[in-house]
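Undergrad: First, the structure itself, so that you have it in front of you.
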Amino acid sequence: SNSRVSHIPSESYVDTILSKTIECNYKMKVKGSDTLSITFEKHIDSQTCQNLAKKLGLDISHLSNDRCVLVFPYR
C-alpha cells in the first residue's frame, strides 16, 4: 500500500530534536493519533515553539507560556 498513514513522530525522535533545541526539562504526552502535548518547565517563546514545530513537521494548535501543543497537519 502506498497510502500515507498520518502519525506523529516517535517520542525518541521528538526527544532528540528537543534536546538539541531547548535547554529545559519538558514532558510529552501523546493524545490520540495526531496530537502531541509538550509542557515545558520554563517559559518557551513562540519563535522557539515555531522552530520545534517546523523541525518536527507538526503544526501548533496551542501555545502558552509553558505549553506548546503540536498536531499532525494531515488530519
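Chain identifiers are assigned as A, B, and so on, following the order in which chains appear in the C-alpha cells; residues are numbered from 1 within each chain, and ligands are numbered from 1 in order of appearance.
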Excluding A:Asn51 and residues on its chain fewer than 3 positions from it, collect all residues at most 12 Å away from it, counting only C-alpha atoms, and give them as a list in words.
TA: Ile17, Leu18, Lys20, Thr21, Ile22, Ile44, Asp45, Ser46, Gln47, Thr48, Lys54, Lys55, Leu56, Gly57, Leu58, Asp59, Ile60, Cys68 and Leu70 of chain A
Undergrad: Kindly save the residues from that selection, with N, CA, C and O atoms included, as a JSON list (two decimals), in the first residue's frame.
TA:
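Okay, this is what ended up in result_3.json:
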```json
[["chain", "number", "residue", "atom", "x", "y", "z"],
["A", 17, "ILE", "N", 15.22, 15.96, 18.97],
["A", 17, "ILE", "CA", 15.08, 17.32, 18.44],
["A", 17, "ILE", "C", 14.99, 18.32, 19.60],
["A", 17, "ILE", "O", 15.66, 19.36, 19.59],
["A", 18, "LEU", "N", 14.19, 18.01, 20.61],
["A", 18, "LEU", "CA", 14.02, 18.92, 21.74],
["A", 18, "LEU", "C", 15.33, 19.13, 22.49],
["A", 18, "LEU", "O", 15.67, 20.25, 22.85],
["A", 20, "LYS", "N", 18.25, 19.04, 21.39],
["A", 20, "LYS", "CA", 19.18, 19.86, 20.60],
["A", 20, "LYS", "C", 18.72, 21.31, 20.50],
["A", 20, "LYS", "O", 19.50, 22.18, 20.13],
["A", 21, "THR", "N", 17.43, 21.57, 20.79],
["A", 21, "THR", "CA", 16.85, 22.88, 20.55],
["A", 21, "THR", "C", 16.66, 23.70, 21.81],
["A", 21, "THR", "O", 16.84, 24.91, 21.80],
["A", 22, "ILE", "N", 16.27, 23.05, 22.90],
["A", 22, "ILE", "CA", 15.98, 23.78, 24.14],
["A", 22, "ILE", "C", 16.81, 23.24, 25.29],
["A", 22, "ILE", "O", 17.32, 22.13, 25.22],
["A", 44, "ILE", "N", 8.76, 29.12, 27.21],
["A", 44, "ILE", "CA", 9.26, 28.90, 25.86],
["A", 44, "ILE", "C", 8.62, 29.95, 24.97],
["A", 44, "ILE", "O", 7.39, 30.06, 24.91],
["A", 45, "ASP", "N", 9.44, 30.73, 24.28],
["A", 45, "ASP", "CA", 8.88, 31.79, 23.44],
["A", 45, "ASP", "C", 8.27, 31.20, 22.17],
["A", 45, "ASP", "O", 8.55, 30.07, 21.79],
["A", 46, "SER", "N", 7.43, 31.99, 21.52],
["A", 46, "SER", "CA", 6.70, 31.49, 20.35],
["A", 46, "SER", "C", 7.64, 31.13, 19.21],
["A", 46, "SER", "O", 7.39, 30.18, 18.48],
["A", 47, "GLN", "N", 8.75, 31.86, 19.07],
["A", 47, "GLN", "CA", 9.69, 31.55, 17.99],
["A", 47, "GLN", "C", 10.31, 30.17, 18.18],
["A", 47, "GLN", "O", 10.45, 29.41, 17.23],
["A", 48, "THR", "N", 10.67, 29.84, 19.42],
["A", 48, "THR", "CA", 11.23, 28.52, 19.71],
["A", 48, "THR", "C", 10.21, 27.43, 19.41],
["A", 48, "THR", "O", 10.54, 26.41, 18.80],
["A", 54, "LYS", "N", 8.35, 23.28, 13.12],
["A", 54, "LYS", "CA", 8.87, 23.16, 11.77],
["A", 54, "LYS", "C", 9.82, 21.96, 11.65],
["A", 54, "LYS", "O", 9.74, 21.18, 10.70],
["A", 55, "LYS", "N", 10.70, 21.81, 12.63],
["A", 55, "LYS", "CA", 11.66, 20.69, 12.59],
["A", 55, "LYS", "C", 10.96, 19.35, 12.68],
["A", 55, "LYS", "O", 11.41, 18.36, 12.11],
["A", 56, "LEU", "N", 9.84, 19.30, 13.41],
["A", 56, "LEU", "CA", 9.12, 18.05, 13.61],
["A", 56, "LEU", "C", 8.05, 17.80, 12.55],
["A", 56, "LEU", "O", 7.44, 16.74, 12.51],
["A", 57, "GLY", "N", 7.79, 18.79, 11.69],
["A", 57, "GLY", "CA", 6.76, 18.64, 10.68],
["A", 57, "GLY", "C", 5.36, 18.67, 11.27],
["A", 57, "GLY", "O", 4.45, 18.03, 10.74],
["A", 58, "LEU", "N", 5.19, 19.39, 12.36],
["A", 58, "LEU", "CA", 3.90, 19.48, 13.03],
["A", 58, "LEU", "C", 3.39, 20.92, 13.01],
["A", 58, "LEU", "O", 4.15, 21.85, 12.77],
["A", 59, "ASP", "N", 2.11, 21.10, 13.26],
["A", 59, "ASP", "CA", 1.51, 22.43, 13.37],
["A", 59, "ASP", "C", 1.25, 22.73, 14.84],
["A", 59, "ASP", "O", 1.01, 21.83, 15.64],
["A", 60, "ILE", "N", 1.24, 24.02, 15.20],
["A", 60, "ILE", "CA", 0.94, 24.44, 16.57],
["A", 60, "ILE", "C", -0.56, 24.62, 16.71],
["A", 60, "ILE", "O", -1.17, 25.37, 15.96],
["A", 68, "CYS", "N", 3.28, 23.93, 24.64],
["A", 68, "CYS", "CA", 3.21, 24.01, 23.18],
["A", 68, "CYS", "C", 2.54, 22.71, 22.73],
["A", 68, "CYS", "O", 3.09, 21.64, 22.93],
["A", 70, "LEU", "N", 1.37, 20.49, 19.74],
["A", 70, "LEU", "CA", 1.64, 20.31, 18.32],
["A", 70, "LEU", "C", 0.75, 19.22, 17.76],
["A", 70, "LEU", "O", 0.52, 18.21, 18.41]]
```
Undergrad: I'd like the neighbourhood of A:Pro9 as a PyMOL selection string, where a residue qualifies if any of its atoms comes within 10 Å (using only C-alpha atoms), though same-chain residues fewer than 2 positions away should be ignored.
TA: chain A and resi 6-7+11-15+34+36+56-58+72
Undergrad: Report as a CSV table (one decimal) with all heavy atoms, in the first residue's frame all protein, DNA and RNA residues lying within 10 Å of A:Asn25, evaluated on only C-alpha atoms, omitting residues in the same chain fewer than 6 positions from it.
TA:
```
chain,number,residue,atom,x,y,z
A,18,LEU,N,14.2,18.0,20.6
A,18,LEU,CA,14.0,18.9,21.7
A,18,LEU,C,15.3,19.1,22.5
A,18,LEU,O,15.7,20.3,22.9
A,18,LEU,CB,12.9,18.4,22.7
A,18,LEU,CG,11.5,18.5,22.2
A,18,LEU,CD1,10.6,17.8,23.2
A,18,LEU,CD2,11.1,19.9,22.0
A,19,SER,N,16.1,18.1,22.7
A,19,SER,CA,17.3,18.2,23.5
A,19,SER,C,18.3,19.0,22.7
A,19,SER,O,19.2,19.6,23.3
A,19,SER,CB,17.9,16.8,23.8
A,19,SER,OG,18.2,16.1,22.7
A,39,THR,N,4.8,20.1,27.6
A,39,THR,CA,4.8,21.0,28.6
A,39,THR,C,6.2,21.3,29.1
A,39,THR,O,7.0,20.3,29.4
A,39,THR,CB,4.0,20.6,29.8
A,39,THR,OG1,2.7,20.2,29.3
A,39,THR,CG2,3.8,21.6,30.9
A,40,PHE,N,6.6,22.5,29.1
A,40,PHE,CA,8.0,22.9,29.5
A,40,PHE,C,8.0,23.5,30.9
A,40,PHE,O,7.1,24.1,31.4
A,40,PHE,CB,8.5,24.0,28.5
A,40,PHE,CG,8.5,23.5,27.1
A,40,PHE,CD1,7.4,23.9,26.3
A,40,PHE,CD2,9.5,22.8,26.6
A,40,PHE,CE1,7.4,23.5,24.9
A,40,PHE,CE2,9.5,22.4,25.2
A,40,PHE,CZ,8.4,22.7,24.4
A,41,GLU,N,9.2,23.2,31.6
A,41,GLU,CA,9.3,23.7,33.0
A,41,GLU,C,9.6,25.2,33.0
A,41,GLU,O,9.4,25.9,34.0
A,41,GLU,CB,10.4,23.0,33.7
A,41,GLU,CG,10.0,21.6,34.1
A,41,GLU,CD,11.0,20.9,35.0
A,41,GLU,OE1,12.0,21.5,35.4
A,41,GLU,OE2,10.7,19.7,35.4
A,42,LYS,N,10.1,25.8,31.9
A,42,LYS,CA,10.4,27.2,31.8
A,42,LYS,C,9.6,27.8,30.7
A,42,LYS,O,9.1,27.1,29.8
A,42,LYS,CB,11.9,27.4,31.6
A,42,LYS,CG,12.8,26.9,32.7
A,42,LYS,CD,14.2,27.2,32.4
A,42,LYS,CE,15.2,26.6,33.4
A,42,LYS,NZ,16.6,26.7,33.0
```
Undergrad: Take atom CA of A:Asn65 and atom CA of A:Thr35 and report the distance between them in Å, one decimal.
TA: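 It comes out at 18.7 Å.
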Undergrad: Using only C-alpha atoms, determine which residues lie at most 9 Å from A:Ser37, disregarding the query and same-chain residues fewer than 6 positions distant; provide the list as a ChimeraX atom specification.
TA: /A:27-31,62,67-71
